[in-house]
$ cat data-v2.csv   # CSV, C-alpha atoms
chain,number,residue,atom,x,y,z
G,1,MET,CA,50.4,-17.4,35.7
G,2,GLN,CA,52.3,-14.6,37.4
G,3,PRO,CA,50.7,-11.1,37.5
G,4,VAL,CA,52.1,-8.4,35.3
G,5,ILE,CA,49.9,-5.7,36.7
G,6,GLN,CA,48.4,-5.3,40.1
G,7,LEU,CA,46.1,-2.7,41.6
G,8,GLU,CA,45.4,-2.6,45.3
G,9,GLU,CA,42.6,-0.5,46.7
G,10,VAL,CA,43.1,2.2,44.1
G,11,ARG,CA,40.9,5.3,44.3
G,12,LYS,CA,40.7,8.3,42.0
G,13,SER,CA,38.4,11.3,42.2
G,14,TYR,CA,37.9,14.6,40.4
G,15,GLY,CA,36.4,17.0,42.8
G,16,SER,CA,33.2,15.4,44.2
G,17,HIS,CA,33.1,12.8,41.3
G,18,VAL,CA,34.7,9.4,42.2
G,19,ALA,CA,36.0,8.0,38.9
G,20,VAL,CA,37.5,4.8,40.4
G,21,ASP,CA,36.5,3.6,43.8
G,22,ASN,CA,38.7,1.2,45.9
G,23,LEU,CA,39.7,-1.0,43.0
G,24,SER,CA,41.8,-4.1,43.3
G,25,LEU,CA,42.8,-6.0,40.2
G,26,THR,CA,45.3,-8.6,39.1
G,27,VAL,CA,46.3,-9.1,35.4
G,28,PRO,CA,48.0,-12.5,34.7
G,29,ASP,CA,51.0,-12.7,32.4
G,30,GLY,CA,50.3,-13.6,28.9
G,31,SER,CA,46.5,-13.1,29.2
G,32,LEU,CA,44.0,-11.2,27.1
G,33,TYR,CA,42.3,-9.1,29.7
G,34,GLY,CA,39.1,-7.2,28.9
G,35,PHE,CA,38.1,-4.0,30.7
G,36,ILE,CA,34.4,-3.8,30.2
G,37,GLY,CA,31.8,-1.2,31.0
G,38,PRO,CA,29.7,1.7,29.6
G,39,ASN,CA,31.3,4.9,28.5
G,40,GLY,CA,32.3,6.9,31.6
G,41,SER,CA,32.4,3.9,33.9
G,42,GLY,CA,36.1,4.4,34.8
G,43,LYS,CA,37.9,2.2,32.3
G,44,THR,CA,40.1,4.9,30.7
G,45,THR,CA,40.9,6.4,34.1
G,46,THR,CA,42.1,3.0,35.3
G,47,ILE,CA,44.3,2.6,32.2
G,48,ARG,CA,45.8,6.0,32.6
G,49,MET,CA,46.7,5.3,36.2
G,50,ILE,CA,48.4,2.0,35.2
G,51,LEU,CA,50.4,4.1,32.8
G,52,ARG,CA,51.0,6.9,35.3
G,53,ILE,CA,49.6,9.4,33.0
G,54,ILE,CA,47.6,10.3,36.1
G,55,HIS,CA,48.1,9.3,39.7
G,56,PRO,CA,45.7,7.7,42.1
G,57,ASP,CA,44.6,9.5,45.2
G,58,SER,CA,45.3,6.4,47.2
G,59,GLY,CA,46.2,2.7,46.7
G,60,ARG,CA,49.1,1.0,45.0
G,61,ILE,CA,49.8,0.1,41.4
G,62,THR,CA,52.6,-2.2,40.2
G,63,VAL,CA,53.6,-3.1,36.6
G,64,LEU,CA,56.0,-6.0,36.0
G,65,GLY,CA,56.7,-6.1,39.7
G,66,ALA,CA,57.7,-2.5,40.1
G,67,ALA,CA,56.1,0.8,40.7
G,68,ALA,CA,53.8,1.5,37.7
G,69,ALA,CA,55.7,2.3,34.5
G,70,ALA,CA,55.7,5.7,32.8
G,71,ALA,CA,53.6,5.9,29.6
G,72,ALA,CA,56.7,5.7,27.4
G,73,ASN,CA,58.2,2.6,29.2
G,74,ASP,CA,59.9,0.4,26.6
G,75,LEU,CA,58.0,-2.7,27.8
G,76,VAL,CA,54.5,-1.2,27.5
G,77,GLY,CA,52.6,-0.2,24.3
G,78,TYR,CA,49.5,2.0,24.4
G,79,LEU,CA,46.8,2.8,22.0
G,80,PRO,CA,44.7,5.7,23.5
G,81,GLU,CA,41.0,6.1,23.0
G,82,GLU,CA,41.6,9.6,21.7
G,83,ARG,CA,43.8,9.0,18.7
G,84,GLY,CA,46.7,11.3,18.0
G,85,LEU,CA,49.4,11.2,15.3
G,86,TYR,CA,51.7,13.9,14.0
G,87,LYS,CA,49.8,14.8,10.8
G,88,LYS,CA,52.7,16.4,9.0
G,89,LEU,CA,54.9,13.3,9.2
G,90,SER,CA,54.9,10.5,6.7
G,91,VAL,CA,53.7,7.1,7.8
G,92,SER,CA,57.2,5.5,7.9
G,93,ARG,CA,58.7,8.5,9.8
G,94,MET,CA,55.8,8.5,12.3
G,95,LEU,CA,56.4,4.8,13.0
G,96,GLY,CA,60.1,5.3,13.2
G,97,TYR,CA,59.6,8.0,15.7
G,98,TYR,CA,57.5,5.8,17.9
G,99,ALA,CA,60.1,3.0,17.6
G,100,ALA,CA,62.8,5.3,18.7
G,101,LEU,CA,60.8,6.3,21.7
G,102,LYS,CA,60.8,2.7,22.7
G,103,GLY,CA,64.5,2.4,22.3
G,104,MET,CA,64.5,0.2,19.2
G,105,ARG,CA,67.6,0.0,17.0
G,106,ARG,CA,67.2,1.7,13.7
G,107,ASP,CA,67.6,-1.5,11.6
G,108,ASP,CA,65.2,-3.4,13.8
G,109,ALA,CA,62.7,-0.6,13.6
G,110,LYS,CA,62.9,-0.5,9.8
G,111,GLN,CA,62.4,-4.3,9.6
G,112,GLN,CA,59.3,-4.1,11.9
G,113,ILE,CA,57.9,-1.1,10.0
G,114,ARG,CA,58.1,-3.0,6.7
G,115,TYR,CA,56.5,-6.1,8.2
G,116,TRP,CA,53.6,-4.3,9.8
G,117,LEU,CA,52.9,-2.0,6.8
G,118,ASP,CA,52.8,-5.0,4.6
G,119,ARG,CA,50.6,-6.9,7.1
G,120,PHE,CA,48.1,-4.0,7.2
G,121,GLU,CA,48.2,-3.3,3.5
G,122,LEU,CA,49.7,0.1,4.0
G,123,SER,CA,53.0,-0.4,2.2
G,124,ASN,CA,51.9,1.9,-0.7
G,125,TRP,CA,51.2,4.6,1.8
G,126,SER,CA,54.6,4.5,3.6
G,127,ALA,CA,55.8,7.9,2.2
G,128,LYS,CA,52.4,9.6,2.5
G,129,ARG,CA,51.7,12.2,5.2
G,130,ILE,CA,49.4,11.2,8.0
G,131,ASP,CA,46.9,13.9,7.1
G,132,THR,CA,46.3,12.3,3.7
G,133,LEU,CA,45.1,9.0,5.1
G,134,SER,CA,41.6,8.0,5.6
G,135,LYS,CA,40.3,7.6,9.2
G,136,GLY,CA,40.6,3.8,9.0
G,137,MET,CA,44.1,3.9,7.7
G,138,SER,CA,45.1,6.4,10.4
G,139,GLN,CA,43.7,4.1,13.1
G,140,LYS,CA,45.7,1.2,11.7
G,141,VAL,CA,48.9,3.2,11.7
G,142,GLN,CA,48.3,4.2,15.3
G,143,PHE,CA,47.6,0.6,16.2
G,144,VAL,CA,50.9,-0.4,14.6
G,145,ALA,CA,52.7,2.4,16.5
G,146,SER,CA,51.5,0.8,19.8
G,147,ILE,CA,52.9,-2.6,19.0
G,148,ILE,CA,56.0,-1.7,16.8
G,149,SER,CA,58.5,-2.5,19.6
G,150,ARG,CA,57.0,-5.9,20.4
G,151,PRO,CA,56.2,-4.8,24.0
G,152,ARG,CA,55.5,-7.3,26.8
G,153,ILE,CA,52.3,-5.5,27.6
G,154,VAL,CA,49.9,-3.8,25.1
G,155,ILE,CA,47.1,-1.6,26.4
G,156,LEU,CA,44.4,-0.9,23.9
G,157,ASP,CA,41.6,1.6,24.7
G,158,GLU,CA,38.6,1.0,22.4
G,159,PRO,CA,40.8,-0.5,19.6
G,160,PHE,CA,37.8,-1.3,17.3
G,161,SER,CA,36.1,2.1,17.6
G,162,GLY,CA,35.1,3.5,14.2
G,163,LEU,CA,36.7,0.7,12.2
G,164,ASP,CA,34.9,-1.0,9.3
G,165,PRO,CA,34.3,-4.8,9.7
G,166,VAL,CA,37.3,-5.7,7.5
G,167,ASN,CA,39.8,-3.6,9.4
G,168,ALA,CA,38.3,-4.6,12.7
G,169,GLU,CA,38.9,-8.2,11.9
G,170,ILE,CA,42.5,-7.6,10.9
G,171,ILE,CA,43.2,-5.9,14.3
G,172,ARG,CA,41.2,-8.6,16.1
G,173,ASN,CA,43.3,-11.3,14.6
G,174,THR,CA,46.5,-9.4,15.4
G,175,VAL,CA,45.5,-9.0,19.0
G,176,LEU,CA,44.9,-12.7,19.3
G,177,GLU,CA,48.3,-13.5,17.7
G,178,LEU,CA,50.0,-11.2,20.2
G,179,ARG,CA,48.3,-13.0,23.1
G,180,ASN,CA,49.3,-16.4,21.6
G,181,SER,CA,52.9,-15.2,21.3
G,182,GLY,CA,53.0,-14.4,25.1
G,183,THR,CA,52.2,-10.7,25.1
G,184,THR,CA,49.8,-9.6,27.8
G,185,VAL,CA,47.0,-7.6,26.1
G,186,ILE,CA,44.6,-5.4,28.0
G,187,PHE,CA,41.8,-3.9,26.0
G,188,SER,CA,39.0,-1.6,27.1
G,189,THR,CA,35.7,-1.7,25.4
G,190,HIS,CA,32.0,-1.0,25.9
G,191,ASP,CA,31.1,-3.8,23.5
G,192,VAL,CA,30.5,-6.8,25.8
G,193,SER,CA,30.0,-9.2,22.8
G,194,VAL,CA,33.6,-8.6,21.7
G,195,ALA,CA,35.0,-9.3,25.1
G,196,GLU,CA,32.9,-12.5,25.5
G,197,LYS,CA,34.4,-13.8,22.2
G,198,MET,CA,38.0,-12.8,22.8
G,199,CYS,CA,39.0,-12.5,26.4
G,200,ASP,CA,40.6,-14.9,28.8
G,201,TYR,CA,39.7,-12.7,31.8
G,202,ILE,CA,37.0,-10.1,32.1
G,203,PHE,CA,36.9,-7.2,34.5
G,204,MET,CA,33.7,-5.1,34.5
G,205,ILE,CA,33.4,-1.7,36.0
G,206,TYR,CA,30.3,0.5,36.5
G,207,LYS,CA,30.3,3.9,38.1
G,208,GLY,CA,33.9,3.4,39.2
G,209,GLN,CA,33.3,0.1,41.0
G,210,LYS,CA,34.2,-3.4,40.1
G,211,VAL,CA,31.2,-5.5,39.5
G,212,LEU,CA,32.8,-8.6,37.9
G,213,ASP,CA,36.3,-10.1,37.6
G,214,GLY,CA,37.4,-13.5,36.4
G,215,THR,CA,37.3,-15.9,33.5
G,216,LEU,CA,34.1,-16.2,31.5
G,217,PRO,CA,33.4,-19.8,32.8
G,218,GLU,CA,34.0,-18.6,36.4
G,219,ILE,CA,31.6,-15.7,35.9
G,220,LYS,CA,28.9,-17.7,34.2
G,221,SER,CA,29.1,-20.6,36.7
G,222,GLN,CA,27.8,-18.2,39.4
G,223,TYR,CA,24.5,-17.8,37.6
G,224,GLY,CA,23.4,-21.3,36.6
G,225,ALA,CA,21.3,-21.9,33.5
G,226,ASP,CA,18.2,-19.7,33.9
G,227,SER,CA,18.4,-18.1,30.5
G,228,ILE,CA,16.6,-19.0,27.3
G,229,ARG,CA,17.8,-17.9,23.9
G,230,LEU,CA,14.9,-17.5,21.6
G,231,ARG,CA,14.1,-16.6,18.0
G,232,TRP,CA,10.3,-16.3,17.8
G,233,ASP,CA,8.0,-14.3,15.6
G,234,GLY,CA,5.1,-13.9,18.0
G,235,PRO,CA,4.0,-10.6,19.7
G,236,ARG,CA,6.2,-9.2,22.4
G,237,HIS,CA,3.4,-8.5,24.8
G,238,VAL,CA,3.0,-12.2,25.3
G,239,LEU,CA,6.4,-12.4,27.1
G,240,GLU,CA,5.6,-9.3,29.1
G,241,LYS,CA,2.5,-10.9,30.6
G,242,LEU,CA,4.3,-14.0,31.9
G,243,PRO,CA,5.3,-13.6,35.6
G,244,GLU,CA,8.1,-16.1,35.2
G,245,VAL,CA,9.9,-13.9,32.7
G,246,HIS,CA,12.1,-11.5,34.7
G,247,ARG,CA,13.8,-9.9,31.7
G,248,ALA,CA,14.0,-10.2,28.0
G,249,SER,CA,16.7,-8.5,25.9
G,250,ASP,CA,16.9,-8.2,22.2
G,251,LEU,CA,20.4,-9.2,21.1
G,252,GLY,CA,20.5,-8.8,17.3
G,253,GLY,CA,19.4,-12.1,15.8
G,254,TYR,CA,17.8,-13.5,19.0
G,255,GLN,CA,16.2,-12.6,22.3
G,256,GLU,CA,17.7,-13.6,25.7
G,257,ILE,CA,15.1,-14.3,28.4
G,258,GLN,CA,15.7,-14.7,32.1
G,259,PHE,CA,13.1,-17.2,33.0
G,260,HIS,CA,12.3,-18.7,36.5
G,261,GLY,CA,9.8,-21.5,35.9
G,262,ASP,CA,9.1,-24.5,33.8
G,263,PRO,CA,10.6,-24.1,30.3
G,264,GLN,CA,8.0,-26.5,28.9
G,265,LYS,CA,5.2,-24.1,29.9
G,266,LEU,CA,7.0,-21.2,28.2
G,267,LEU,CA,7.5,-23.4,25.1
G,268,HIS,CA,3.8,-24.2,25.0
G,269,VAL,CA,2.8,-20.5,25.3
G,270,LEU,CA,5.2,-19.5,22.6
G,271,LEU,CA,4.0,-22.2,20.1
G,272,ALA,CA,0.4,-21.1,20.6
G,273,ASN,CA,1.3,-17.5,19.6
G,274,GLY,CA,3.9,-17.8,16.8
G,275,ALA,CA,6.6,-19.8,15.1
G,276,ILE,CA,9.8,-20.7,17.1
G,277,HIS,CA,13.1,-20.8,15.2
G,278,LEU,CA,15.4,-21.1,18.2
G,279,PHE,CA,14.7,-22.3,21.8
G,280,GLU,CA,17.8,-23.0,23.9
G,281,ILE,CA,18.2,-23.2,27.6
G,282,SER,CA,21.6,-21.8,28.5
G,283,GLN,CA,23.8,-19.9,30.9
G,284,PRO,CA,23.2,-16.1,30.7
G,285,SER,CA,25.4,-14.1,28.3
G,286,LEU,CA,28.0,-11.7,29.7
G,287,HIS,CA,25.7,-8.9,28.5
G,288,ASP,CA,22.8,-10.2,30.6
G,289,ILE,CA,25.0,-10.9,33.7
G,290,PHE,CA,26.3,-7.3,33.6
G,291,ILE,CA,22.8,-5.9,33.3
G,292,ARG,CA,21.6,-8.0,36.3
G,293,ILE,CA,24.5,-6.8,38.5
G,294,ALA,CA,24.8,-3.2,37.5
G,295,GLY,CA,21.0,-2.7,37.3
G,296,GLU,CA,20.1,-4.1,40.7
G,297,SER,CA,20.5,-0.7,42.5
G,298,LEU,CA,19.0,1.4,39.7
G,299,ASN,CA,15.5,2.7,39.2
G,300,GLY,CA,13.7,2.4,35.9
G,301,PRO,CA,15.0,5.4,34.0
G,302,GLN,CA,18.6,4.9,35.3
G,303,ARG,CA,18.5,1.2,34.3
G,304,LYS,CA,17.3,2.0,30.8
G,305,LYS,CA,20.0,4.5,30.4
G,306,MET,CA,22.7,2.0,31.5
G,307,VAL,CA,21.4,-0.6,29.1
G,308,SER,CA,21.4,1.8,26.2
G,309,GLU,CA,25.0,2.8,27.0
G,310,LEU,CA,26.1,-0.8,27.2
G,311,THR,CA,24.6,-1.9,23.8
G,312,ALA,CA,22.4,-0.1,21.3
G,313,SER,CA,20.7,-3.4,20.4
G,314,SER,CA,19.4,-4.3,23.9
G,315,GLY,CA,15.8,-3.8,25.1
G,316,ASP,CA,14.8,-4.6,28.7
G,317,LEU,CA,11.4,-5.7,29.7
G,318,ALA,CA,12.0,-5.9,33.4

$ encode --input "data-v2.csv" --output "structure tokens"
Amino acid sequence: MQPVIQLEEVRKSYGSHVAVDNLSLTVPDGSLYGFIGPNGSGKTTTIRMILRIIHPDSGRITVLGAAAAAAANDLVGYLPEERGLYKKLSVSRMLGYYAALKGMRRDDAKQQIRYWLDRFELSNWSAKRIDTLSKGMSQKVQFVASIISRPRIVILDEPFSGLDPVNAEIIRNTVLELRNSGTTVIFSTHDVSVAEKMCDYIFMIYKGQKVLDGTLPEIKSQYGADSIRLRWDGPRHVLEKLPEVHRASDLGGYQEIQFHGDPQKLLHVLLANGAIHLFEISQPSLHDIFIRIAGESLNGPQRKKMVSELTASSGDLA
């Protein structure tokens, strides 16, 4: 696939703080490309440089083969992390305004507004002012504003932030449909599990530096099958005492263990100390790969802070 966005050795700093450091990146046409990393890692700065809301100190950025487009470019839709709508306008007028900014004909805009309001169950709120909407409704309206013109590229910064599960699922399905129709979708998130489930390509950034870039199979193939997924009701200190266990992370319904040794030995120890409900040898999850890479150069407190930023459910024993 041809690239629609390219970054070549891009750097951006604010005083002594380097937000993005010598970053090169290629986004293929028609892909769903995830920008992953903890809050403050450089994701939003990278997106704003792609949109030329801010400019890099050095390096080159191209969008659709030309110098990076302005934020209001007709071919690029953008959902910012910091939501912002004109609160005094009605929903339909708000969406009409965004459609006009993208150069849409009025009849086409009206048709698209009707379609998306119906799709997101907002038709009854069309004439209501933005400041009368709930937070979830407002976020859906802003999402619709970013895709109303059917742009070739859609950039979504934390699109699922603050949404309840039902509305998050509606937007998730819409994002996948956009990708399937040929739209290139970039979305930034600190939720690695979402990226692992949705993305064709994954770019991970930490402290302004790229730590991973590629498809999920390409990334996982570099790490072999040294992980064990486990649901076990035994005492945690048993795992801590095993020298072959390099790390164990709690990931909601199961634990993920980085284990260098004979899995049969581990299985025997676990059975002697509790009931096993899941024991699966597998490639490491994206979450674990990121922690391995980003955590190598960190001391104990720094590593724990990075893990807590990445996911609230993780717990590192290393």

$ atom_distance --input "data-v2.csv" --atom1 "atom CA of Ile293 of chain G" --atom2 "atom CA of Gln264 of chain G"
27.4 Å

$ residues_around --input "data-v2.csv" --residues "Arg229 of chain G" --least-positions-apart "3" --cutoff "10 Å" --atoms "all atoms listed in the file" --output "PyMOL selection string"
chain G and resi 232+248-251+254-258+278-285

$ residues_around --input "data-v2.csv" --residues "Tyr86 of chain G" --least-positions-apart "2" --cutoff "12 Å" --atoms "all atoms listed in the file" --output "ChimeraX atom specification"
/G:83-84,88-95,97-98,129-132,138,141-142,145

$ closest_residue --input "data-v2.csv" --among "G:Arg150, G:Arg60, G:Lys87, G:His55" --to "Leu133 of chain G" --atoms "all atoms listed in the file"
G:Lys87

$ closest_residue --input "data-v2.csv" --among "G:Ser58, G:Ser193, G:Asn39, G:Asn273" --to "Glu8 of chain G" --atoms "all atoms listed in the file"
G:Ser58

$ atom_distance --input "data-v2.csv" --atom1 "atom CA of Leu23 of chain G" --atom2 "atom CA of Asn73 of chain G"
23.4 Å

$ closest_residue --input "data-v2.csv" --among "G:Ile113, G:Leu266, G:Pro3, G:Cys199" --to "Lys241 of chain G" --atoms "all atoms listed in the file"
G:Leu266

$ residues_around --input "data-v2.csv" --residues "Arg106 of chain G" --least-positions-apart "6" --cutoff "9 Å" --atoms "all atoms listed in the file" --output "ChimeraX atom specification"
/G:96,99-100

$ closest_residue --input "data-v2.csv" --among "G:His260, G:Glu240, G:Ser16, G:Leu230" --to "His277 of chain G" --atoms "all atoms listed in the file"
G:Leu230

$ residues_near_point --input "data-v2.csv" --point "(50.6, 0.4, 39.4)" --cutoff "9 Å" --atoms "all atoms listed in the file" --output "list in words"
Ile5, Gln6, Leu7, Glu8, Met49, Ile50, Leu51, Arg52, Gly59, Arg60, Ile61, Thr62, Val63, Gly65, Ala66, Ala67, Ala68 and Ala69 of chain G

$ closest_residue --input "data-v2.csv" --among "G:Gly103, G:Asn22, G:Asp157, G:Ser31" --to "Glu82 of chain G" --atoms "only C-alpha atoms"
G:Asp157

$ residues_near_point --input "data-v2.csv" --point "(29.1, 4.1, 40.5)" --cutoff "10 Å" --atoms "only C-alpha atoms" --output "ChimeraX atom specification"
/G:17-21,40-42,205-211,294

$ closest_residue --input "data-v2.csv" --among "G:Phe187, G:Gln2, G:Lys265, G:Ile202" --to "Ile219 of chain G" --atoms "only C-alpha atoms"
G:Ile202

$ atom_distance --input "data-v2.csv" --atom1 "atom CA of Arg105 of chain G" --atom2 "atom CA of Glu177 of chain G"
23.6 Å

$ residues_around --input "data-v2.csv" --residues "Thr183 of chain G" --least-positions-apart "6" --cutoff "7 Å" --atoms "all atoms listed in the file" --output "PyMOL selection string"
chain G and resi 30+152-153

$ residues_around --input "data-v2.csv" --residues "Leu216 of chain G" --least-positions-apart "5" --cutoff "10 Å" --atoms "all atoms listed in the file" --output "list in words"
Ala195, Glu196, Lys197, Cys199, Asp200, Tyr201, Ile202, Phe203, Ser221, Ser285 and Leu286 of chain G

$ build_atoms --input "data-v2.csv" --residues "segment 182-192 of chain G" --atoms "all heavy atoms" --output "compact mmCIF listing (two decimals), in the coordinates of the input"
# COMPACT_ATOMS: atom_id res chain seq x y z
N GLY G 182 52.61 -14.68 23.71
CA GLY G 182 53.00 -14.40 25.10
C GLY G 182 52.88 -12.99 25.55
O GLY G 182 53.16 -12.68 26.71
N THR G 183 52.43 -12.09 24.67
CA THR G 183 52.20 -10.70 25.10
C THR G 183 50.94 -10.60 25.92
O THR G 183 49.92 -11.24 25.62
CB THR G 183 52.03 -9.81 23.82
OG1 THR G 183 53.19 -9.94 23.00
CG2 THR G 183 51.82 -8.36 24.21
N THR G 184 51.01 -9.84 26.98
CA THR G 184 49.80 -9.60 27.80
C THR G 184 49.07 -8.40 27.11
O THR G 184 49.64 -7.35 26.87
CB THR G 184 50.19 -9.16 29.21
OG1 THR G 184 50.92 -10.22 29.82
CG2 THR G 184 48.93 -8.89 30.04
N VAL G 185 47.80 -8.63 26.80
CA VAL G 185 47.00 -7.60 26.10
C VAL G 185 45.83 -7.22 26.99
O VAL G 185 45.04 -8.07 27.42
CB VAL G 185 46.47 -8.13 24.75
CG1 VAL G 185 45.65 -7.04 24.06
CG2 VAL G 185 47.61 -8.59 23.86
N ILE G 186 45.73 -5.94 27.28
CA ILE G 186 44.60 -5.40 28.00
C ILE G 186 43.82 -4.54 26.95
O ILE G 186 44.42 -3.69 26.29
CB ILE G 186 44.97 -4.51 29.15
CG1 ILE G 186 45.64 -5.35 30.23
CG2 ILE G 186 43.76 -3.76 29.72
CD1 ILE G 186 46.20 -4.53 31.37
N PHE G 187 42.54 -4.80 26.78
CA PHE G 187 41.80 -3.90 26.00
C PHE G 187 40.50 -3.48 26.61
O PHE G 187 39.81 -4.27 27.22
CB PHE G 187 41.64 -4.36 24.50
CG PHE G 187 40.55 -5.34 24.25
CD1 PHE G 187 39.24 -4.92 24.07
CD2 PHE G 187 40.83 -6.68 24.12
CE1 PHE G 187 38.24 -5.82 23.79
CE2 PHE G 187 39.84 -7.59 23.85
CZ PHE G 187 38.53 -7.16 23.68
N SER G 188 40.23 -2.19 26.47
CA SER G 188 39.00 -1.60 27.10
C SER G 188 37.98 -1.45 25.99
O SER G 188 38.27 -1.03 24.86
CB SER G 188 39.42 -0.21 27.62
OG SER G 188 38.27 0.56 27.89
N THR G 189 36.74 -1.81 26.32
CA THR G 189 35.70 -1.70 25.40
C THR G 189 34.33 -1.60 26.07
O THR G 189 34.18 -2.07 27.20
CB THR G 189 35.64 -2.91 24.39
OG1 THR G 189 34.58 -2.76 23.45
CG2 THR G 189 35.45 -4.21 25.15
N HIS G 190 33.35 -0.95 25.42
CA HIS G 190 32.00 -1.00 25.90
C HIS G 190 31.18 -2.04 25.23
O HIS G 190 30.00 -2.23 25.54
CB HIS G 190 31.34 0.40 25.78
CG HIS G 190 31.15 0.82 24.36
ND1 HIS G 190 32.14 1.47 23.65
CD2 HIS G 190 30.13 0.64 23.50
CE1 HIS G 190 31.71 1.69 22.41
NE2 HIS G 190 30.50 1.20 22.30
N ASP G 191 31.80 -2.76 24.27
CA ASP G 191 31.10 -3.80 23.50
C ASP G 191 31.32 -5.15 24.19
O ASP G 191 32.36 -5.80 24.03
CB ASP G 191 31.65 -3.83 22.07
CG ASP G 191 30.82 -4.72 21.15
OD1 ASP G 191 30.17 -5.66 21.67
OD2 ASP G 191 30.81 -4.48 19.94
N VAL G 192 30.33 -5.57 24.97
CA VAL G 192 30.50 -6.80 25.80
C VAL G 192 30.59 -8.02 24.87
O VAL G 192 31.30 -8.98 25.21
CB VAL G 192 29.24 -6.93 26.70
CG1 VAL G 192 29.24 -8.27 27.40
CG2 VAL G 192 29.26 -5.80 27.73
